[in-house]
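Visitor: Data file coords.txt (compact mmCIF, C-alpha atoms) is appended below.
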# COMPACT_ATOMS: atom_id res chain seq x y z
CA MET A 1 56.90 172.09 43.42
CA GLU A 2 54.66 169.90 41.37
CA ILE A 3 53.76 166.33 42.17
CA THR A 4 53.41 164.40 38.94
CA GLY A 5 52.11 160.95 38.16
CA ASP A 6 55.63 159.84 37.25
CA MET A 7 56.68 160.16 40.86
CA PHE A 8 53.92 157.79 41.92
CA ILE A 9 54.82 155.42 39.12
CA SER A 10 58.45 155.21 40.19
CA GLY A 11 57.30 154.85 43.78
CA GLY A 12 54.91 152.09 42.81
CA LEU A 13 57.58 150.27 40.82
CA THR A 14 59.99 150.31 43.74
CA PHE A 15 57.14 149.16 45.98
CA ALA A 16 56.65 146.14 43.72
CA ALA A 17 60.38 145.48 43.61
CA ALA A 18 60.57 145.80 47.39
CA ILE A 19 57.84 143.18 47.79
CA GLY A 20 60.08 140.90 45.74
CA PHE A 21 63.11 141.66 47.89
CA GLY A 22 61.07 141.22 51.04
CA ILE A 23 60.08 137.73 49.90
CA CYS A 24 63.73 136.91 49.17
CA PHE A 25 64.65 138.00 52.70
CA ASN A 26 61.67 136.15 54.16
CA ILE A 27 59.77 139.09 55.60
CA ARG A 28 56.25 137.92 56.35
CA GLY A 29 52.77 139.30 56.81
CA ALA A 30 52.13 142.97 57.53
CA ASN A 31 55.85 143.61 57.96
CA LEU A 32 56.35 142.91 54.25
CA PHE A 33 54.00 145.71 53.26
CA ALA A 34 55.27 148.07 55.93
CA ALA A 35 58.85 147.54 54.75
CA SER A 36 57.92 147.92 51.08
CA PHE A 37 56.12 151.15 51.81
CA GLY A 38 59.48 152.45 53.02
CA ALA A 39 60.83 151.81 49.54
CA PHE A 40 57.90 153.75 48.12
CA ILE A 41 58.69 156.72 50.38
CA CYS A 42 62.33 156.48 49.41
CA ALA A 43 61.70 156.51 45.67
CA PHE A 44 59.09 159.22 46.02
CA ILE A 45 61.44 161.55 47.90
CA GLU A 46 64.16 160.77 45.38
CA ALA A 47 61.87 161.63 42.46
CA VAL A 48 60.55 164.84 44.02
CA MET A 49 63.96 166.13 45.04
CA THR A 50 65.57 165.26 41.72
CA GLU A 51 62.78 167.19 40.03
CA GLU A 52 63.58 170.15 42.26
CA GLY A 53 67.15 170.08 40.97
CA PHE A 54 69.11 168.88 44.01
CA SER A 55 72.30 166.94 43.36
CA GLU A 56 71.95 163.19 43.42
CA VAL A 57 74.33 162.63 46.30
CA PHE A 58 72.38 165.07 48.46
CA VAL A 59 69.09 163.49 47.42
CA CYS A 60 70.41 160.07 48.44
CA PHE A 61 71.48 161.43 51.80
CA ILE A 62 68.08 162.98 52.52
CA ALA A 63 66.15 159.94 51.28
CA SER A 64 68.29 157.59 53.34
CA THR A 65 67.79 159.77 56.42
CA ALA A 66 64.03 159.79 55.91
CA VAL A 67 63.87 156.06 55.40
CA THR A 68 65.98 155.36 58.47
CA VAL A 69 63.65 157.48 60.58
CA TYR A 70 60.71 155.57 59.11
CA SER A 71 62.36 152.22 59.88
CA GLU A 72 63.27 153.19 63.42
CA ILE A 73 59.69 154.30 64.13
CA LEU A 74 58.24 151.12 62.62
CA ALA A 75 60.71 148.95 64.50
CA LYS A 76 59.66 150.57 67.74
CA ARG A 77 55.96 150.20 66.96
CA LEU A 78 56.00 146.66 65.58
CA ARG A 79 58.75 145.44 67.95
CA CYS A 80 60.92 144.14 65.15
CA PRO A 81 64.61 144.71 64.41
CA VAL A 82 65.35 147.86 62.40
CA PRO A 83 67.13 146.10 59.49
CA MET A 84 63.91 144.29 58.59
CA PHE A 85 62.52 147.59 57.32
CA LEU A 86 65.72 149.44 56.56
CA ILE A 87 67.28 146.91 54.17
CA VAL A 88 64.28 146.69 51.90
CA SER A 89 63.55 150.43 52.02
CA ILE A 90 67.05 151.51 51.15
CA ILE A 91 67.57 149.30 48.11
CA PRO A 92 66.16 151.86 45.61
CA LEU A 93 69.07 154.12 46.52
CA VAL A 94 71.79 151.53 45.99
CA PRO A 95 73.71 152.74 42.94
CA GLY A 96 73.13 149.72 40.70
CA SER A 97 72.98 151.71 37.49
CA TYR A 98 76.22 153.52 38.31
CA ILE A 99 78.03 150.24 38.82
CA TYR A 100 76.79 149.21 35.39
CA TYR A 101 77.71 152.42 33.56
CA ALA A 102 81.11 152.57 35.30
CA MET A 103 81.83 149.07 34.12
CA MET A 104 80.65 149.87 30.59
CA SER A 105 83.01 152.82 30.30
CA CYS A 106 85.74 150.57 31.65
CA ILE A 107 85.31 148.03 28.86
CA ASN A 108 84.97 150.85 26.34
CA GLY A 109 88.38 152.09 27.47
CA ASP A 110 87.09 155.46 28.62
CA LEU A 111 89.21 155.73 31.74
CA ALA A 112 88.20 159.27 32.66
CA ASP A 113 84.53 158.41 32.60
CA PHE A 114 85.19 155.17 34.47
CA GLY A 115 86.96 157.08 37.24
CA LYS A 116 84.22 159.66 37.44
CA ARG A 117 81.43 157.11 37.67
CA SER A 118 83.27 154.93 40.17
CA VAL A 119 83.86 157.88 42.46
CA TYR A 120 80.20 158.76 42.04
CA THR A 121 79.19 155.23 43.04
CA PHE A 122 81.22 155.51 46.23
CA GLU A 123 79.87 158.98 46.91
CA ILE A 124 76.32 157.68 46.76
CA ALA A 125 77.14 154.66 48.91
CA GLY A 126 78.73 157.05 51.39
CA ALA A 127 75.69 159.34 51.35
CA ILE A 128 73.41 156.38 52.08
CA ALA A 129 75.64 155.25 54.95
CA LEU A 130 75.83 158.80 56.29
CA GLY A 131 72.04 159.04 56.38
CA ILE A 132 71.85 155.82 58.39
CA PHE A 133 74.69 157.03 60.66
CA LEU A 134 73.06 160.32 61.41
CA VAL A 135 69.68 158.95 62.44
CA THR A 136 71.07 156.04 64.44
CA PHE A 137 73.42 158.42 66.20
CA ALA A 138 70.60 160.87 66.97
CA ILE A 139 68.58 158.03 68.49
CA LYS A 140 71.53 156.94 70.62
CA LEU A 141 71.89 160.50 71.76
CA MET A 142 68.22 160.70 72.74
CA LYS A 143 68.47 157.41 74.64
CA SER A 144 71.50 158.61 76.57
CA PHE A 145 69.68 161.83 77.47
CA LYS A 146 66.86 159.76 78.91
CA LYS A 147 69.35 157.83 81.03
CA LEU A 148 70.80 161.00 82.59
CA PRO A 149 69.89 161.43 86.22
CA VAL A 150 67.04 163.89 86.46
CA LYS A 151 66.73 166.25 89.40
CA LYS A 152 63.32 165.90 90.94
CA ASN A 153 61.54 168.97 92.20
CA ARG A 154 59.97 168.26 95.52
CA MET B 1 70.73 126.88 84.71
CA ASN B 2 74.45 126.20 85.09
CA GLY B 3 77.26 127.79 83.10
CA GLN B 4 77.60 124.83 80.74
CA GLU B 5 73.96 124.91 79.73
CA LEU B 6 73.91 128.67 79.44
CA ALA B 7 76.99 128.78 77.21
CA GLY B 8 75.46 126.08 75.00
CA ALA B 9 72.11 127.80 74.69
CA VAL B 10 73.55 131.24 74.08
CA SER B 11 76.08 130.07 71.51
CA ARG B 12 73.37 128.24 69.59
CA PHE B 13 71.17 131.32 69.78
CA GLY B 14 73.97 133.58 68.57
CA ALA B 15 74.99 131.25 65.77
CA MET B 16 71.43 131.14 64.49
CA MET B 17 71.18 134.89 64.59
CA LEU B 18 74.45 135.34 62.69
CA SER B 19 73.51 132.78 60.06
CA CYS B 20 70.26 134.51 59.21
CA GLY B 21 71.74 137.96 58.83
CA GLY B 22 71.52 139.67 62.22
CA GLU B 23 74.01 142.46 62.85
CA ILE B 24 77.11 141.64 64.86
CA ASN B 25 76.27 144.18 67.48
CA ARG B 26 72.80 142.72 67.97
CA VAL B 27 74.26 139.24 68.47
CA GLU B 28 76.87 140.35 70.99
CA ASP B 29 74.40 142.53 72.81
CA SER B 30 71.66 139.93 73.14
CA ALA B 31 74.13 137.22 74.20
CA ALA B 32 75.49 139.44 76.96
CA ARG B 33 71.99 140.43 78.05
CA ILE B 34 70.80 136.84 78.27
CA CYS B 35 73.80 135.87 80.37
CA ALA B 36 73.24 138.87 82.63
CA ALA B 37 69.59 137.87 83.08
CA TYR B 38 70.72 134.58 84.61
CA GLY B 39 73.11 136.38 86.89
CA TYR B 40 76.32 135.69 84.98
CA ASN B 41 78.01 139.04 84.67
CA ASP B 42 81.53 137.79 83.99
CA VAL B 43 80.90 137.01 80.34
CA GLY B 44 82.89 137.55 77.15
CA VAL B 45 81.26 137.56 73.73
CA PHE B 46 83.10 138.02 70.47
CA ALA B 47 81.36 137.82 67.12
CA ILE B 48 82.46 138.41 63.57
CA PRO B 49 80.29 137.56 60.56
CA ARG B 50 81.18 133.88 60.53
CA THR B 51 82.42 133.12 64.03
CA LEU B 52 81.03 133.45 67.52
CA ILE B 53 83.03 132.92 70.70
CA ILE B 54 81.41 133.05 74.10
CA THR B 55 82.91 132.50 77.51
CA VAL B 56 80.81 132.21 80.64
CA THR B 57 82.65 132.14 83.94
CA GLU B 58 81.01 130.16 86.73
CA ASN B 59 82.64 130.10 90.19
CA GLY B 60 85.94 131.06 88.59
CA VAL B 61 85.79 128.25 86.00
CA PRO B 62 85.42 129.48 82.44
CA VAL B 63 83.25 127.67 79.90
CA THR B 64 83.98 128.61 76.30
CA ARG B 65 82.02 127.79 73.18
CA LEU B 66 83.06 128.60 69.64
CA GLU B 67 80.64 128.40 66.74
CA ASN B 68 81.52 128.60 63.07
CA ILE B 69 78.77 129.64 60.73
CA LYS B 70 79.00 127.73 57.49
CA ASP B 71 76.09 128.91 55.44
CA LYS B 72 74.41 132.25 55.60
CA THR B 73 70.93 132.94 54.30
CA VAL B 74 69.30 136.26 54.94
CA ASN B 75 66.09 135.55 56.81
CA LEU B 76 64.86 138.70 58.51
CA ASP B 77 61.77 137.04 59.90
CA ARG B 78 64.02 134.69 61.84
CA VAL B 79 66.09 137.60 63.15
CA ALA B 80 62.88 139.19 64.44
CA ARG B 81 61.79 135.94 66.09
CA LEU B 82 65.19 135.47 67.73
CA ASN B 83 65.08 139.06 68.91
CA ALA B 84 61.68 138.46 70.49
CA LEU B 85 63.03 135.25 72.05
CA SER B 86 65.92 137.11 73.64
CA ARG B 87 63.47 139.57 75.22
CA PHE B 88 61.40 136.64 76.42
CA ILE B 89 64.44 134.89 77.92
CA CYS B 90 65.52 138.03 79.74
CA ARG B 91 62.05 138.53 81.18
CA VAL B 92 61.03 134.97 82.10
CA ARG B 93 64.41 133.23 82.54
CA PRO B 94 63.22 129.80 81.32
CA ASP B 95 65.28 126.63 81.73
CA ALA B 96 67.60 125.22 79.10
CA ASP B 97 65.04 122.77 77.70
CA CYS B 98 62.53 125.53 77.09
CA ILE B 99 65.11 127.64 75.26
CA ALA B 100 66.13 124.64 73.16
CA ARG B 101 62.50 123.95 72.26
CA ARG B 102 61.91 127.54 71.27
CA LEU B 103 65.05 127.59 69.17
CA ASP B 104 63.86 124.39 67.46
CA ASN B 105 60.57 126.10 66.73
CA ILE B 106 62.32 129.10 65.22
CA GLU B 107 64.44 126.79 63.08
CA LYS B 108 61.21 125.31 61.75
CA SER B 109 59.57 128.70 61.21
CA PRO B 110 58.02 129.03 57.76
CA VAL B 111 59.97 130.32 54.76
CA TYR B 112 58.60 131.20 51.35
CA GLY B 113 58.48 128.31 48.89
CA ARG B 114 60.95 127.90 46.06
CA TYR B 115 58.57 129.15 43.39
CA SER B 116 57.52 132.18 45.40
CA VAL B 117 61.16 133.20 45.68
CA ILE B 118 61.69 132.72 41.95
CA ALA B 119 58.60 134.84 41.28
CA ALA B 120 59.97 137.43 43.71
CA TYR B 121 63.23 137.65 41.74
CA PHE B 122 61.24 138.07 38.55
CA LEU B 123 59.15 140.83 40.12
CA SER B 124 62.10 142.76 41.56
CA ALA B 125 64.17 142.61 38.40
CA ALA B 126 61.24 143.53 36.16
CA ALA B 127 60.15 146.44 38.37
CA TYR B 128 63.68 147.84 38.51
CA ALA B 129 64.14 147.56 34.77
CA MET B 130 61.08 149.76 34.36
CA PHE B 131 62.20 152.05 37.19
CA PHE B 132 65.45 152.72 35.34
CA GLY B 133 63.62 153.60 32.15
CA GLY B 134 63.09 150.29 30.38
CA GLY B 135 59.90 149.37 28.54
CA ILE B 136 57.66 146.40 29.12
CA ARG B 137 59.88 144.14 27.00
CA GLU B 138 63.01 145.05 28.91
CA ALA B 139 61.08 144.44 32.12
CA PHE B 140 60.14 140.94 31.00
CA ALA B 141 63.69 140.20 29.85
CA ALA B 142 65.05 141.48 33.17
CA GLY B 143 62.60 139.24 34.97
CA MET B 144 63.91 136.24 33.05
CA ALA B 145 67.46 137.29 33.85
CA GLY B 146 66.39 137.63 37.49
CA ILE B 147 65.17 134.05 37.47
CA ALA B 148 68.52 133.03 35.98
CA VAL B 149 70.23 134.85 38.86
CA ARG B 150 68.16 132.93 41.38
CA LEU B 151 68.87 129.54 39.83
CA MET B 152 72.56 130.37 39.50
CA SER B 153 72.90 131.74 43.02
CA ARG B 154 71.53 128.52 44.48
CA PHE B 155 74.22 126.65 42.62
CA SER B 156 77.05 129.10 43.18
CA SER B 157 76.48 129.33 46.92
CA LYS B 158 77.24 125.61 47.06
CA THR B 159 80.61 126.05 45.35
CA ASP B 160 82.23 127.78 48.37
CA ALA B 161 84.12 130.03 45.98
CA GLY B 162 83.68 133.18 48.07
CA VAL B 163 81.47 136.20 47.50
CA PHE B 164 83.51 137.57 44.61
CA PHE B 165 83.31 134.52 42.38
CA GLU B 166 79.81 133.56 43.44
CA ASN B 167 78.51 136.95 42.37
CA LEU B 168 80.69 136.94 39.28
CA LEU B 169 79.09 133.68 38.19
CA CYS B 170 75.61 135.07 38.80
CA ALA B 171 76.41 138.24 36.90
CA VAL B 172 77.81 136.26 33.95
CA VAL B 173 74.68 134.13 33.66
CA MET B 174 72.44 137.15 34.18
CA SER B 175 74.06 139.28 31.51
CA ALA B 176 74.36 136.37 29.09
CA CYS B 177 70.62 135.90 29.47
CA ALA B 178 70.00 139.59 28.86
CA MET B 179 72.32 139.69 25.84
CA LEU B 180 70.70 136.63 24.27
CA LEU B 181 67.25 138.16 24.66
CA ALA B 182 68.64 141.33 23.07
CA ALA B 183 70.27 139.35 20.26
CA CYS B 184 67.03 137.67 19.27
CA GLY B 185 65.45 141.12 19.06
CA PHE B 186 63.12 140.72 22.01
CA ALA B 187 64.51 143.44 24.28
CA PRO B 188 67.06 145.48 22.32
CA ARG B 189 67.95 147.95 25.08
CA TYR B 190 70.05 145.44 26.97
CA ASP B 191 71.50 148.05 29.34
CA LYS B 192 68.10 148.51 31.02
CA THR B 193 67.62 144.77 31.20
CA ILE B 194 70.99 144.26 32.86
CA ILE B 195 70.56 147.11 35.34
CA GLY B 196 67.17 145.75 36.38
CA ALA B 197 68.46 142.24 36.93
CA LEU B 198 71.63 143.59 38.52
CA MET B 199 69.59 145.17 41.30
CA THR B 200 68.74 141.70 42.59
CA LEU B 201 72.45 141.13 43.16
CA VAL B 202 73.52 144.42 44.71
CA PRO B 203 74.76 144.09 48.29
CA GLY B 204 71.94 145.94 50.04
CA VAL B 205 72.00 143.80 53.17
CA THR B 206 75.75 143.91 53.66
CA LEU B 207 75.91 147.66 53.01
CA THR B 208 73.17 148.42 55.54
CA ASN B 209 74.40 146.01 58.19
CA GLY B 210 77.98 147.20 57.71
CA ALA B 211 76.96 150.80 58.23
CA ARG B 212 75.02 149.81 61.33
CA ASP B 213 77.98 147.87 62.71
CA PHE B 214 80.15 150.95 62.22
CA ILE B 215 77.76 153.21 64.09
CA ALA B 216 77.63 150.66 66.91
CA GLY B 217 81.39 151.16 67.22
CA ASP B 218 82.28 147.70 65.97
CA PHE B 219 84.80 148.70 63.33
CA PHE B 220 86.14 145.22 62.88
CA ALA B 221 82.79 143.71 61.93
CA GLY B 222 81.91 146.86 60.01
CA THR B 223 85.05 146.67 57.91
CA TYR B 224 84.58 142.97 57.29
CA THR B 225 81.00 143.51 56.19
CA LEU B 226 81.75 146.51 53.99
CA ILE B 227 84.63 144.65 52.33
CA GLU B 228 82.15 141.89 51.60
CA ALA B 229 79.84 144.49 50.03
CA LEU B 230 82.72 145.88 47.98
CA LEU B 231 83.78 142.44 46.76
CA THR B 232 80.19 141.63 45.83
CA ALA B 233 79.91 144.82 43.80
CA LEU B 234 83.25 144.17 42.10
CA GLY B 235 82.20 140.61 41.31
CA ILE B 236 78.96 141.80 39.71
CA ALA B 237 80.77 144.47 37.71
CA ALA B 238 83.49 142.08 36.51
CA GLY B 239 81.04 139.36 35.54
CA ALA B 240 78.75 141.71 33.67
CA ALA B 241 81.69 143.49 31.99
CA VAL B 242 83.21 140.30 30.63
CA THR B 243 79.91 139.01 29.33
CA VAL B 244 78.76 142.26 27.78
CA GLY B 245 82.18 142.76 26.21
CA LEU B 246 82.13 139.30 24.66
CA LEU B 247 78.52 139.18 23.51
CA ARG B 248 78.07 142.78 22.47
CA GLY B 249 78.69 141.86 18.87
CA LEU B 250 75.57 139.66 18.92
CA ALA B 251 73.15 142.35 19.96
CA VAL B 252 73.33 145.24 17.57
Could you take the file, read its structure, and then write that structure out as structure tokens?
Guide:
Amino acid sequence: MEITGDMFISGGLTFAAAIGFGICFNIRGANLFAASFGAFICAFIEAVMTEEGFSEVFVCFIASTAVTVYSEILAKRLRCPVPMFLIVSIIPLVPGSYIYYAMMSCINGDLADFGKRSVYTFEIAGAIALGIFLVTFAIKLMKSFKKLPVKKNR
Amino acid sequence: MNGQELAGAVSRFGAMMLSCGGEINRVEDSAARICAAYGYNDVGVFAIPRTLIITVTENGVPVTRLENIKDKTVNLDRVARLNALSRFICRVRPDADCIARRLDNIEKSPVYGRYSVIAAYFLSAAAYAMFFGGGIREAFAAGMAGIAVRLMSRFSSKTDAGVFFENLLCAVVMSACAMLLAACGFAPRYDKTIIGALMTLVPGVTLTNGARDFIAGDFFAGTYTLIEALLTALGIAAGAAVTVGLLRGLAV
């Protein structure tokens, strides 16, 4: 695996974009940078894994899992709600370009391509949601283990 | 604090949290926790994205409050402040006046100025245009289209036309802006421009919150939120499709 400058460039671009989104959603102070760094991680993982030849849906799933873990840890540390970090971090994965290309093939009358791209859009959205599901569920599981009555050795 | 006061305070708290983009589950959970902190365990809370119903039963007499949330603006800083307030209330159990004062303070908490937000739209759109392979010209054009989105979304949110048409309007203005800049030869690769500016419209908040509502087991709120995300996406696609289809002849 080779880390190239391009990966940092795409990470940096999403970082800048995430700062913009953070301002739109009124995230303030250090939280803004912490949340935007999540977007950097997300884009970086996406770039590295795409370079390695993984399928895009799988890449989205892994990146979304990683970012959710990051957000949960930050939320615990900074005592803020998880969405504050999660929403901004996950935006690079949202399939904006697929929506666009699906719609373009629709107006070009290429129904087969339109169908393919639409399904792809939903697949990616599903992969993102699944990543969030998995981590949140794992955390619930850990919490419920902590609540179990523990036998004390005397 | 009596049941009347508690129901009033909690419903105001919940309504504020819903209106600034807190998840349904968070609202229901914190409302129930606050009531429990004051010793009211016979409490019913029901929240969907635009409505909150809360019933507090005191000595067998129920007190019900219903709040409708008219306008929604995502303000994550406010969600965090409200979250901290709910922890504070559960720990200290202040009286109704204190809660009201703190809620007033949160309502007055600072937001970014109008021009900062416009600059933020420019930045996001421009950065995404480059992220998706556009050059510096496409980035600038996308930034301009992003500003158009911001100006339009302020107007369209006042029309009460629903998410589909509001986003359709924004997408129409955004792509018209991109196509015009392409037509005058400034940024000929209009697809990159549009994708960049489109990212400022995509339903990131609703998608994330919807997924989180689902995992919390609240399928009703989750479905509602995800349908909102779907309608937003369809609105964007329809608006951009119509505009690109009409104006494509201009930009060759």
Visitor: Report as a tab-separated table: every residue of chain B with an atom at most 8 Å from chain A, its closest pair of atoms, and their distance in Å to one decimal, counting only C-alpha atoms, with rows sorted by chain and ascending residue number.
Guide:
residue	atom	partner	partner_atom	distance
B:Val74	CA	A:Phe25	CA	5.4
B:Asn75	CA	A:Phe25	CA	5.0
B:Leu76	CA	A:Met84	CA	5.7
B:Asp77	CA	A:Ile27	CA	5.2
B:Val79	CA	A:Pro81	CA	7.4
B:Ala80	CA	A:Cys80	CA	5.4
B:Asn83	CA	A:Pro81	CA	7.2
B:Ala84	CA	A:Cys80	CA	7.8
B:Val111	CA	A:Asn26	CA	6.1
B:Tyr112	CA	A:Asn26	CA	6.5
B:Ser116	CA	A:Ile23	CA	7.6
B:Val117	CA	A:Cys24	CA	5.7
B:Ala119	CA	A:Gly20	CA	7.7
B:Ala120	CA	A:Gly20	CA	4.0
B:Tyr121	CA	A:Gly20	CA	6.0
B:Phe122	CA	A:Gly20	CA	7.8
B:Leu123	CA	A:Gly20	CA	5.7
B:Ser124	CA	A:Ala17	CA	3.8
B:Ala125	CA	A:Ala17	CA	7.1
B:Ala126	CA	A:Ala17	CA	7.7
B:Ala127	CA	A:Leu13	CA	5.2
B:Tyr128	CA	A:Ala17	CA	6.5
B:Met130	CA	A:Leu13	CA	7.4
B:Phe131	CA	A:Ser10	CA	5.7
B:Phe132	CA	A:Ser97	CA	7.9
B:Ile195	CA	A:Ser97	CA	5.6
B:Leu198	CA	A:Gly96	CA	6.7
B:Met199	CA	A:Gly96	CA	5.8
B:Thr200	CA	A:Phe21	CA	7.7
B:Val202	CA	A:Gly96	CA	6.7
B:Gly204	CA	A:Ile91	CA	5.8
B:Val205	CA	A:Ile87	CA	5.7
B:Leu207	CA	A:Ala129	CA	7.8
B:Thr208	CA	A:Ile87	CA	6.2
B:Asn209	CA	A:Pro83	CA	7.4
B:Ala211	CA	A:Ala129	CA	5.7
B:Arg212	CA	A:Phe133	CA	7.3
B:Ile215	CA	A:Phe133	CA	6.0
B:Ala233	CA	A:Ile99	CA	7.6
B:Ala237	CA	A:Met103	CA	5.9
B:Ala238	CA	A:Met103	CA	7.6
B:Ala240	CA	A:Tyr100	CA	7.9
B:Ala241	CA	A:Met103	CA	6.0
B:Gly245	CA	A:Ile107	CA	6.7
Visitor: Tell me, in Å to one decimal, how far CA of Lys192 (chain B) is from CA of Val242 (chain B).
Guide: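 Straight-line distance from CA of Lys192 (chain B) to CA of Val242 (chain B) works out to 17.2 Å.
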Visitor: In Å, how far is it from CA of Gly235 (chain B) to CA of Met16 (chain B)?
Guide: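 Separation of CA of Gly235 (chain B) and CA of Met16 (chain B): 27.3 Å.
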Visitor: Using all atoms listed in the file, which protein or nucleic acid residues come within 9 Å of Glu56 (chain A)? Drop anything in the same chain fewer than 6 positions from it, and give the result as a PyMOL selection string.
Guide: chain A and resi 46+49-50+124
Visitor: Just to confirm, what's the straight-line distance from CA of Thr73 (chain B) to CA of Gly113 (chain B) in Å (one decimal)?
Guide: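 Interatomic distance here is 14.3 Å.
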Visitor: What residues have an atom no more than 10 Å from (83.6, 127.7, 79.7) in the file's own frame, counting all atoms listed in the file, and can you write them as number ranges by chain?
Guide: B: 3-4, 6-8, 43, 54-58, 60-65
Visitor: What's the 12 Å shell around Ala15 (chain B), counting only C-alpha atoms, without same-chain residues fewer than 6 positions away, as a ChimeraX atom specification?
Guide: /B:7-9,21-24,26-28,30-31,45-54,65-72,79,82,103,107
Visitor: Report the centre and edge lengths, in Å to one decimal, of an axis-aligned box enclosing every atom of region 87-105 of chain A listed in the file, padded by 4 Å on each side, as AutoDock Vina command-line options.
Guide:
--center_x 73.3 --center_y 150.4 --center_z 42.2 --size_x 27.5 --size_y 15.4 --size_z 31.9
